[in-house]
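A.B. asks: See run.txt below, with compact mmCIF, N, CA, C and O atoms.
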```txt
# COMPACT_ATOMS: atom_id res chain seq x y z
N MET N 796 65.46 167.02 220.52
CA MET N 796 65.28 165.64 220.95
C MET N 796 66.09 164.73 220.03
O MET N 796 66.10 164.88 218.82
N SER N 797 66.78 163.79 220.61
CA SER N 797 67.66 162.93 219.83
C SER N 797 66.90 161.75 219.23
O SER N 797 65.77 161.46 219.61
N VAL N 798 67.55 161.09 218.29
CA VAL N 798 66.96 159.89 217.68
C VAL N 798 67.29 158.69 218.55
O VAL N 798 68.29 158.69 219.27
N PRO N 799 66.47 157.64 218.49
CA PRO N 799 66.80 156.41 219.22
C PRO N 799 68.09 155.81 218.67
O PRO N 799 68.38 155.90 217.48
N ILE N 800 68.85 155.21 219.56
CA ILE N 800 70.09 154.53 219.19
C ILE N 800 69.93 153.06 219.51
O ILE N 800 69.52 152.70 220.62
N ILE N 801 70.24 152.22 218.54
CA ILE N 801 70.27 150.78 218.77
C ILE N 801 71.73 150.37 218.81
O ILE N 801 72.46 150.55 217.84
N LYS N 802 72.15 149.85 219.95
CA LYS N 802 73.51 149.34 220.09
C LYS N 802 73.45 147.83 219.90
O LYS N 802 72.83 147.12 220.69
N ASP N 803 74.05 147.37 218.81
CA ASP N 803 74.04 145.96 218.45
C ASP N 803 75.35 145.33 218.93
O ASP N 803 76.39 145.51 218.31
N PHE N 804 75.28 144.62 220.04
CA PHE N 804 76.45 143.91 220.56
C PHE N 804 76.50 142.55 219.88
O PHE N 804 75.56 141.76 220.00
N TYR N 805 77.58 142.30 219.15
CA TYR N 805 77.69 141.11 218.33
C TYR N 805 79.11 140.56 218.39
O TYR N 805 80.01 141.16 218.96
N ALA N 806 79.31 139.39 217.76
CA ALA N 806 80.64 138.81 217.57
C ALA N 806 80.68 138.20 216.16
O ALA N 806 79.67 137.67 215.68
N ASP N 807 81.84 138.28 215.51
CA ASP N 807 81.97 137.76 214.15
C ASP N 807 81.70 136.26 214.07
O ASP N 807 81.22 135.76 213.06
N TRP N 808 82.00 135.52 215.12
CA TRP N 808 81.83 134.06 215.14
C TRP N 808 80.41 133.62 215.47
O TRP N 808 80.08 132.44 215.45
N CYS N 809 79.53 134.55 215.76
CA CYS N 809 78.18 134.27 216.25
C CYS N 809 77.18 134.11 215.09
O CYS N 809 76.92 135.07 214.37
N GLY N 810 76.63 132.90 214.94
CA GLY N 810 75.65 132.64 213.89
C GLY N 810 74.40 133.50 214.00
O GLY N 810 73.99 134.12 213.02
N PRO N 811 73.76 133.55 215.18
CA PRO N 811 72.57 134.41 215.31
C PRO N 811 72.86 135.89 215.03
O PRO N 811 72.00 136.60 214.52
N CYS N 812 74.08 136.33 215.32
CA CYS N 812 74.45 137.73 215.02
C CYS N 812 74.40 137.98 213.52
O CYS N 812 74.00 139.06 213.07
N LYS N 813 74.79 136.98 212.75
CA LYS N 813 74.76 137.10 211.29
C LYS N 813 73.33 137.15 210.79
O LYS N 813 73.05 137.73 209.74
N MET N 814 72.40 136.56 211.53
CA MET N 814 70.98 136.64 211.17
C MET N 814 70.41 138.01 211.53
O MET N 814 69.52 138.51 210.86
N GLN N 815 70.93 138.63 212.61
CA GLN N 815 70.42 139.92 213.08
C GLN N 815 70.82 141.06 212.16
O GLN N 815 70.05 141.99 211.96
N SER N 816 72.01 140.99 211.58
CA SER N 816 72.53 142.10 210.76
C SER N 816 71.61 142.52 209.62
O SER N 816 71.32 143.71 209.47
N PRO N 817 71.11 141.58 208.78
CA PRO N 817 70.23 142.03 207.70
C PRO N 817 68.91 142.62 208.19
O PRO N 817 68.32 143.49 207.54
N ILE N 818 68.45 142.17 209.35
CA ILE N 818 67.22 142.73 209.93
C ILE N 818 67.46 144.19 210.32
O ILE N 818 66.64 145.07 210.05
N LEU N 819 68.62 144.46 210.92
CA LEU N 819 68.96 145.85 211.29
C LEU N 819 69.16 146.71 210.05
O LEU N 819 68.78 147.88 210.04
N GLU N 820 69.75 146.13 209.00
CA GLU N 820 69.93 146.87 207.75
C GLU N 820 68.57 147.24 207.15
O GLU N 820 68.37 148.36 206.67
N ALA N 821 67.61 146.31 207.19
CA ALA N 821 66.26 146.58 206.68
C ALA N 821 65.58 147.66 207.50
O ALA N 821 64.90 148.53 206.97
N LEU N 822 65.79 147.62 208.82
CA LEU N 822 65.22 148.64 209.70
C LEU N 822 65.80 150.01 209.37
O LEU N 822 65.05 151.00 209.26
N LYS N 823 67.10 150.08 209.19
CA LYS N 823 67.75 151.35 208.85
C LYS N 823 67.26 151.87 207.51
O LYS N 823 67.02 153.07 207.35
N GLN N 824 67.10 150.97 206.55
CA GLN N 824 66.62 151.37 205.23
C GLN N 824 65.20 151.93 205.33
O GLN N 824 64.86 152.91 204.69
N LYS N 825 64.39 151.32 206.19
CA LYS N 825 63.00 151.74 206.35
C LYS N 825 62.88 153.06 207.11
O LYS N 825 62.09 153.92 206.75
N LEU N 826 63.68 153.22 208.17
CA LEU N 826 63.54 154.40 209.04
C LEU N 826 64.53 155.51 208.73
O LEU N 826 64.34 156.64 209.18
N GLY N 827 65.61 155.21 208.02
CA GLY N 827 66.58 156.23 207.64
C GLY N 827 67.18 156.95 208.83
O GLY N 827 67.64 156.33 209.78
N ASP N 828 67.13 158.28 208.79
CA ASP N 828 67.74 159.11 209.83
C ASP N 828 66.95 159.15 211.13
O ASP N 828 67.35 159.82 212.08
N LYS N 829 65.83 158.45 211.20
CA LYS N 829 65.02 158.44 212.42
C LYS N 829 65.62 157.55 213.49
O LYS N 829 65.16 157.55 214.63
N VAL N 830 66.62 156.74 213.12
CA VAL N 830 67.26 155.83 214.07
C VAL N 830 68.75 155.74 213.75
O VAL N 830 69.16 155.88 212.61
N GLU N 831 69.54 155.56 214.80
CA GLU N 831 70.99 155.35 214.64
C GLU N 831 71.30 153.94 215.10
O GLU N 831 70.82 153.50 216.14
N ILE N 832 72.10 153.23 214.31
CA ILE N 832 72.49 151.87 214.68
C ILE N 832 74.00 151.83 214.85
O ILE N 832 74.75 152.25 213.96
N GLN N 833 74.43 151.37 216.02
CA GLN N 833 75.85 151.23 216.32
C GLN N 833 76.17 149.76 216.50
O GLN N 833 75.56 149.09 217.32
N LYS N 834 77.11 149.25 215.70
CA LYS N 834 77.53 147.86 215.82
C LYS N 834 78.75 147.81 216.73
O LYS N 834 79.72 148.52 216.51
N ILE N 835 78.68 146.96 217.76
CA ILE N 835 79.75 146.89 218.76
C ILE N 835 80.20 145.44 218.88
O ILE N 835 79.46 144.58 219.37
N ASP N 836 81.42 145.17 218.42
CA ASP N 836 82.00 143.83 218.49
C ASP N 836 82.47 143.58 219.92
O ASP N 836 83.34 144.28 220.43
N VAL N 837 81.88 142.57 220.58
CA VAL N 837 82.21 142.32 221.98
C VAL N 837 83.65 141.83 222.15
O VAL N 837 84.23 142.00 223.23
N ASP N 838 84.22 141.24 221.10
CA ASP N 838 85.59 140.74 221.20
C ASP N 838 86.62 141.87 221.19
O ASP N 838 87.71 141.72 221.73
N THR N 839 86.29 142.99 220.58
CA THR N 839 87.24 144.11 220.53
C THR N 839 86.81 145.28 221.42
O THR N 839 87.54 146.24 221.56
N ASN N 840 85.62 145.19 222.00
CA ASN N 840 85.10 146.25 222.87
C ASN N 840 84.62 145.66 224.20
O ASN N 840 83.52 145.97 224.68
N GLY N 841 85.45 144.82 224.79
CA GLY N 841 85.11 144.15 226.04
C GLY N 841 84.69 145.07 227.16
O GLY N 841 83.68 144.82 227.84
N PRO N 842 85.44 146.16 227.41
CA PRO N 842 85.03 147.06 228.50
C PRO N 842 83.63 147.65 228.31
O PRO N 842 82.85 147.71 229.26
N LEU N 843 83.29 148.04 227.08
CA LEU N 843 81.97 148.59 226.83
C LEU N 843 80.90 147.51 227.01
O LEU N 843 79.85 147.76 227.61
N ALA N 844 81.18 146.31 226.52
CA ALA N 844 80.24 145.20 226.71
C ALA N 844 80.05 144.93 228.20
O ALA N 844 78.94 144.65 228.65
N GLY N 845 81.13 145.03 228.97
CA GLY N 845 81.05 144.85 230.41
C GLY N 845 80.19 145.91 231.08
O GLY N 845 79.42 145.61 231.99
N GLU N 846 80.32 147.16 230.63
CA GLU N 846 79.51 148.25 231.18
C GLU N 846 78.02 147.97 231.02
O GLU N 846 77.21 148.32 231.88
N TYR N 847 77.66 147.36 229.89
CA TYR N 847 76.26 147.06 229.60
C TYR N 847 75.84 145.68 230.11
O TYR N 847 74.69 145.28 229.92
N GLY N 848 76.75 144.95 230.71
CA GLY N 848 76.42 143.63 231.25
C GLY N 848 76.06 142.61 230.18
O GLY N 848 75.19 141.77 230.38
N ILE N 849 76.74 142.70 229.05
CA ILE N 849 76.44 141.79 227.93
C ILE N 849 76.95 140.39 228.25
O ILE N 849 78.14 140.20 228.50
N ARG N 850 76.05 139.43 228.25
CA ARG N 850 76.39 138.03 228.50
C ARG N 850 76.04 137.14 227.32
O ARG N 850 76.49 136.02 227.22
N VAL N 851 75.16 137.65 226.44
CA VAL N 851 74.65 136.90 225.29
C VAL N 851 74.80 137.77 224.05
O VAL N 851 74.55 138.97 224.11
N VAL N 852 75.22 137.16 222.95
CA VAL N 852 75.22 137.88 221.67
C VAL N 852 74.31 137.12 220.71
O VAL N 852 74.28 135.89 220.76
N PRO N 853 73.53 137.81 219.90
CA PRO N 853 73.42 139.26 219.90
C PRO N 853 72.57 139.79 221.06
O PRO N 853 71.64 139.13 221.51
N THR N 854 72.93 140.98 221.50
CA THR N 854 72.10 141.74 222.43
C THR N 854 71.92 143.13 221.83
O THR N 854 72.90 143.75 221.42
N LEU N 855 70.69 143.57 221.77
CA LEU N 855 70.39 144.92 221.28
C LEU N 855 69.97 145.77 222.46
O LEU N 855 69.14 145.37 223.27
N ILE N 856 70.58 146.93 222.55
CA ILE N 856 70.22 147.93 223.57
C ILE N 856 69.61 149.11 222.81
O ILE N 856 70.26 149.70 221.95
N ILE N 857 68.38 149.44 223.13
CA ILE N 857 67.73 150.60 222.52
C ILE N 857 67.71 151.71 223.56
O ILE N 857 67.20 151.52 224.67
N GLU N 858 68.30 152.85 223.19
CA GLU N 858 68.35 154.01 224.08
C GLU N 858 67.75 155.22 223.39
O GLU N 858 67.82 155.34 222.17
N LYS N 859 67.19 156.08 224.18
CA LYS N 859 66.68 157.36 223.68
C LYS N 859 67.03 158.41 224.71
O LYS N 859 66.76 158.24 225.90
N ASP N 860 67.67 159.48 224.29
CA ASP N 860 68.10 160.56 225.18
C ASP N 860 68.94 160.03 226.34
O ASP N 860 68.79 160.46 227.48
N GLY N 861 69.79 159.03 226.05
CA GLY N 861 70.68 158.49 227.05
C GLY N 861 70.05 157.53 228.04
O GLY N 861 70.71 157.10 228.98
N LYS N 862 68.79 157.19 227.85
CA LYS N 862 68.10 156.30 228.77
C LYS N 862 67.73 154.99 228.08
O LYS N 862 67.32 154.98 226.92
N LEU N 863 67.84 153.90 228.83
CA LEU N 863 67.49 152.59 228.31
C LEU N 863 65.99 152.51 228.04
O LEU N 863 65.19 152.81 228.92
N VAL N 864 65.65 152.11 226.82
CA VAL N 864 64.26 151.90 226.45
C VAL N 864 63.94 150.41 226.45
O VAL N 864 62.93 149.97 226.96
N GLN N 865 64.86 149.62 225.87
CA GLN N 865 64.63 148.18 225.76
C GLN N 865 65.95 147.45 225.62
O GLN N 865 66.89 147.97 225.01
N ARG N 866 65.99 146.25 226.18
CA ARG N 866 67.14 145.36 226.04
C ARG N 866 66.61 144.05 225.47
O ARG N 866 65.66 143.47 226.02
N ILE N 867 67.20 143.60 224.37
CA ILE N 867 66.74 142.40 223.69
C ILE N 867 67.92 141.45 223.53
O ILE N 867 68.91 141.80 222.89
N GLU N 868 67.81 140.26 224.12
CA GLU N 868 68.84 139.24 223.96
C GLU N 868 68.36 138.24 222.94
O GLU N 868 67.21 137.78 223.00
N GLY N 869 69.23 137.89 222.00
CA GLY N 869 68.84 136.99 220.92
C GLY N 869 68.37 137.78 219.71
O GLY N 869 68.33 139.01 219.73
N VAL N 870 68.02 137.07 218.66
CA VAL N 870 67.61 137.71 217.41
C VAL N 870 66.21 138.31 217.55
O VAL N 870 65.30 137.66 218.04
N ALA N 871 66.08 139.56 217.12
CA ALA N 871 64.78 140.25 217.12
C ALA N 871 64.36 140.50 215.68
O ALA N 871 65.17 140.99 214.88
N ASP N 872 63.12 140.15 215.35
CA ASP N 872 62.65 140.37 213.99
C ASP N 872 62.24 141.84 213.78
O ASP N 872 62.14 142.61 214.74
N LEU N 873 62.00 142.19 212.53
CA LEU N 873 61.70 143.57 212.18
C LEU N 873 60.43 144.10 212.87
O LEU N 873 60.46 145.18 213.44
N PRO N 874 59.31 143.34 212.87
CA PRO N 874 58.12 143.86 213.55
C PRO N 874 58.33 144.11 215.05
O PRO N 874 57.81 145.08 215.60
N THR N 875 59.12 143.26 215.69
CA THR N 875 59.41 143.46 217.11
C THR N 875 60.19 144.75 217.33
O THR N 875 59.86 145.55 218.21
N LEU N 876 61.21 144.96 216.53
CA LEU N 876 62.01 146.18 216.65
C LEU N 876 61.16 147.42 216.40
O LEU N 876 61.25 148.40 217.13
N GLU N 877 60.31 147.35 215.38
CA GLU N 877 59.44 148.49 215.08
C GLU N 877 58.47 148.76 216.24
O GLU N 877 58.18 149.91 216.55
N SER N 878 58.01 147.69 216.90
CA SER N 878 57.07 147.89 218.01
C SER N 878 57.72 148.62 219.18
O SER N 878 57.04 149.34 219.92
N TYR N 879 59.02 148.44 219.36
CA TYR N 879 59.74 149.17 220.42
C TYR N 879 60.07 150.59 219.99
O TYR N 879 60.08 151.50 220.82
N LEU N 880 60.34 150.78 218.70
CA LEU N 880 60.79 152.10 218.22
C LEU N 880 59.65 153.06 217.93
O LEU N 880 59.78 154.26 218.20
N ASN N 881 58.55 152.58 217.37
CA ASN N 881 57.49 153.48 216.95
C ASN N 881 57.01 154.43 218.04
O ASN N 881 56.82 155.62 217.77
N PRO N 882 56.83 153.98 219.29
CA PRO N 882 56.36 154.92 220.32
C PRO N 882 57.37 156.03 220.67
O PRO N 882 56.98 157.05 221.24
N ILE N 883 58.65 155.84 220.34
CA ILE N 883 59.65 156.84 220.74
C ILE N 883 60.20 157.63 219.55
O ILE N 883 61.09 158.44 219.72
N LEU N 884 59.65 157.39 218.36
CA LEU N 884 60.12 158.15 217.18
C LEU N 884 59.50 159.52 217.15
O LEU N 884 58.43 159.76 217.60
```
Please go through the file and, once you have read it, give me the structure as structure tokens.

C.D. replies:
Amino acid sequence: MSVPIIKDFYADWCGPCKMQSPILEALKQKLGDKVEIQKIDVDTNGPLAGEYGIRVVPTLIIEKDGKLVQRIEGVADLPTLESYLNPIL
């Protein structure tokens, strides 16, 4: 069974994205190898952002075993992220 993957769609110019990054770093530090975090810059990965229908940054896509678990638009705090991840860890 694979670990959950969080795809963080962001842009360097995005203020809220800069707020999301340390929250994801804290999550990674807390969960370690139990979760994978992929940062995806929408400005350099337009086709991938298009595949996921990204219209707002930041957008977090949580997947497990290739299936969508949760989509979060805007900044998500640590307790919210943990509430989505804990049931699938």

A.B. asks: When distances are computed from only N, CA, C and O atoms, which of N:Phe804, N:Leu884, N:Lys825, N:Cys812 shows the smallest separation from Ile867 in chain N?

C.D. replies: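 Among N:Phe804, N:Leu884, N:Lys825, N:Cys812, it is N:Phe804 that comes nearest to Ile867 in chain N.
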
A.B. asks: Just to confirm, what's the straight-line distance from CA of Leu876 in chain N to atom C of Val837 in chain N in Å (one decimal)?

C.D. replies: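 Separation between CA of Leu876 in chain N and atom C of Val837 in chain N: 22.7 Å.
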
A.B. asks: When DSSP works through the backbone of this structure, what residues of chain N end up as strand (DSSP E), shown as number ranges by chain?

C.D. replies: N: 800-805, 831-836, 854-859, 862-868

A.B. asks: List the spatial neighbours of Lys859 in chain N as a PyMOL selection string - criterion: any atom at most 10 Å away, only C-alpha atoms, same-chain residues fewer than 3 positions off excluded.

C.D. replies: chain N and resi 796-801+830+862-865+880+883-884

A.B. asks: Expressed in Å to a single decimal, how great is the separation between CA of Tyr847 in chain N and CA of Tyr805 in chain N?

C.D. replies: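 Spanning CA of Tyr847 in chain N to CA of Tyr805 in chain N is a straight-line distance of 12.8 Å.
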
A.B. asks: What's around Glu868 in chain N at 8 Å? Count all atoms listed in the file, leave out sequence neighbours fewer than 5 positions away in its own chain, and write the answer as a list in words.

C.D. replies: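 Listed by chain and then number, they are Val851, Val852, Pro853, Thr854, Leu855 and Ile856 of chain N.
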
A.B. asks: Emit the selected residues as a PDB file, keeping the file's coordinate frame, including N, CA, C and O atoms.

C.D. replies:
```pdb
ATOM      1  N   VAL N 851      75.160 137.650 226.440  1.00  0.00           N
ATOM      2  CA  VAL N 851      74.650 136.900 225.290  1.00  0.00           C
ATOM      3  C   VAL N 851      74.800 137.770 224.050  1.00  0.00           C
ATOM      4  O   VAL N 851      74.550 138.970 224.110  1.00  0.00           O
ATOM      5  N   VAL N 852      75.220 137.160 222.950  1.00  0.00           N
ATOM      6  CA  VAL N 852      75.220 137.880 221.670  1.00  0.00           C
ATOM      7  C   VAL N 852      74.310 137.120 220.710  1.00  0.00           C
ATOM      8  O   VAL N 852      74.280 135.890 220.760  1.00  0.00           O
ATOM      9  N   PRO N 853      73.530 137.810 219.900  1.00  0.00           N
ATOM     10  CA  PRO N 853      73.420 139.260 219.900  1.00  0.00           C
ATOM     11  C   PRO N 853      72.570 139.790 221.060  1.00  0.00           C
ATOM     12  O   PRO N 853      71.640 139.130 221.510  1.00  0.00           O
ATOM     13  N   THR N 854      72.930 140.980 221.500  1.00  0.00           N
ATOM     14  CA  THR N 854      72.100 141.740 222.430  1.00  0.00           C
ATOM     15  C   THR N 854      71.920 143.130 221.830  1.00  0.00           C
ATOM     16  O   THR N 854      72.900 143.750 221.420  1.00  0.00           O
ATOM     17  N   LEU N 855      70.690 143.570 221.770  1.00  0.00           N
ATOM     18  CA  LEU N 855      70.390 144.920 221.280  1.00  0.00           C
ATOM     19  C   LEU N 855      69.970 145.770 222.460  1.00  0.00           C
ATOM     20  O   LEU N 855      69.140 145.370 223.270  1.00  0.00           O
ATOM     21  N   ILE N 856      70.580 146.930 222.550  1.00  0.00           N
ATOM     22  CA  ILE N 856      70.220 147.930 223.570  1.00  0.00           C
ATOM     23  C   ILE N 856      69.610 149.110 222.810  1.00  0.00           C
ATOM     24  O   ILE N 856      70.260 149.700 221.950  1.00  0.00           O
TER      25      ILE N 856
END
```

A.B. asks: Out of N:Pro882, N:Asp807, N:Gly869, N:Glu877, which residue has the shortest atom-to-atom distance to Asp838 in chain N when counting all atoms listed in the file?

C.D. replies: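 Once distances to Asp838 in chain N are computed over all atoms listed in the file, the minimum belongs to N:Asp807.
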
A.B. asks: Please put the answer as AutoDock Vina command-line options: centre and edge lengths, in Å with one decimal, of a box along x, y and z that encloses all listed atoms of range 809-817 of chain N plus 8 Å on each side.

C.D. replies:
```
--center_x 73.9 --center_y 138.2 --center_z 211.9 --size_x 27.2 --size_y 27.1 --size_z 24.7
```

A.B. asks: Do you have the atom C of Pro811 in chain N-atom O of Ala871 in chain N distance handy?

C.D. replies: 9.2 Å

A.B. asks: Give the helix (DSSP H, G or I) residues of chain N, as DSSP finds them on the backbone, and put them as JSON, numbers by chain.

C.D. replies: {"N": [810, 811, 812, 813, 814, 815, 816, 817, 818, 819, 820, 821, 822, 823, 824, 825, 826, 827, 828, 829, 841, 842, 843, 844, 845, 846, 873, 874, 875, 876, 877, 878, 879, 880, 881, 882, 883]}

A.B. asks: Neighbouring residues of Lys802 in chain N were defined as those with any atom within 6 Å, considering all atoms listed in the file; residues of the same chain fewer than 4 positions away were excluded. Please report them as JSON, numbers by chain.

C.D. replies: {"N": [831, 832, 833, 834, 835, 854, 855, 856, 857, 858]}

A.B. asks: Quick one: residues within 8 Å of Leu873 in chain N, only C-alpha atoms, excluding same-chain residues fewer than 6 positions away - as a ChimeraX atom specification?

C.D. replies: /N:818-819,821-822

A.B. asks: Go through N:Gln824, N:Ile849, N:Val870, N:Asn881 one by one, measure the shortest atom-to-atom distance of each to Gly810 in chain N using only C-alpha atoms, and give the residue with the smallest value.

C.D. replies: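 Nearest candidate to Gly810 in chain N out of N:Gln824, N:Ile849, N:Val870, N:Asn881: N:Val870.
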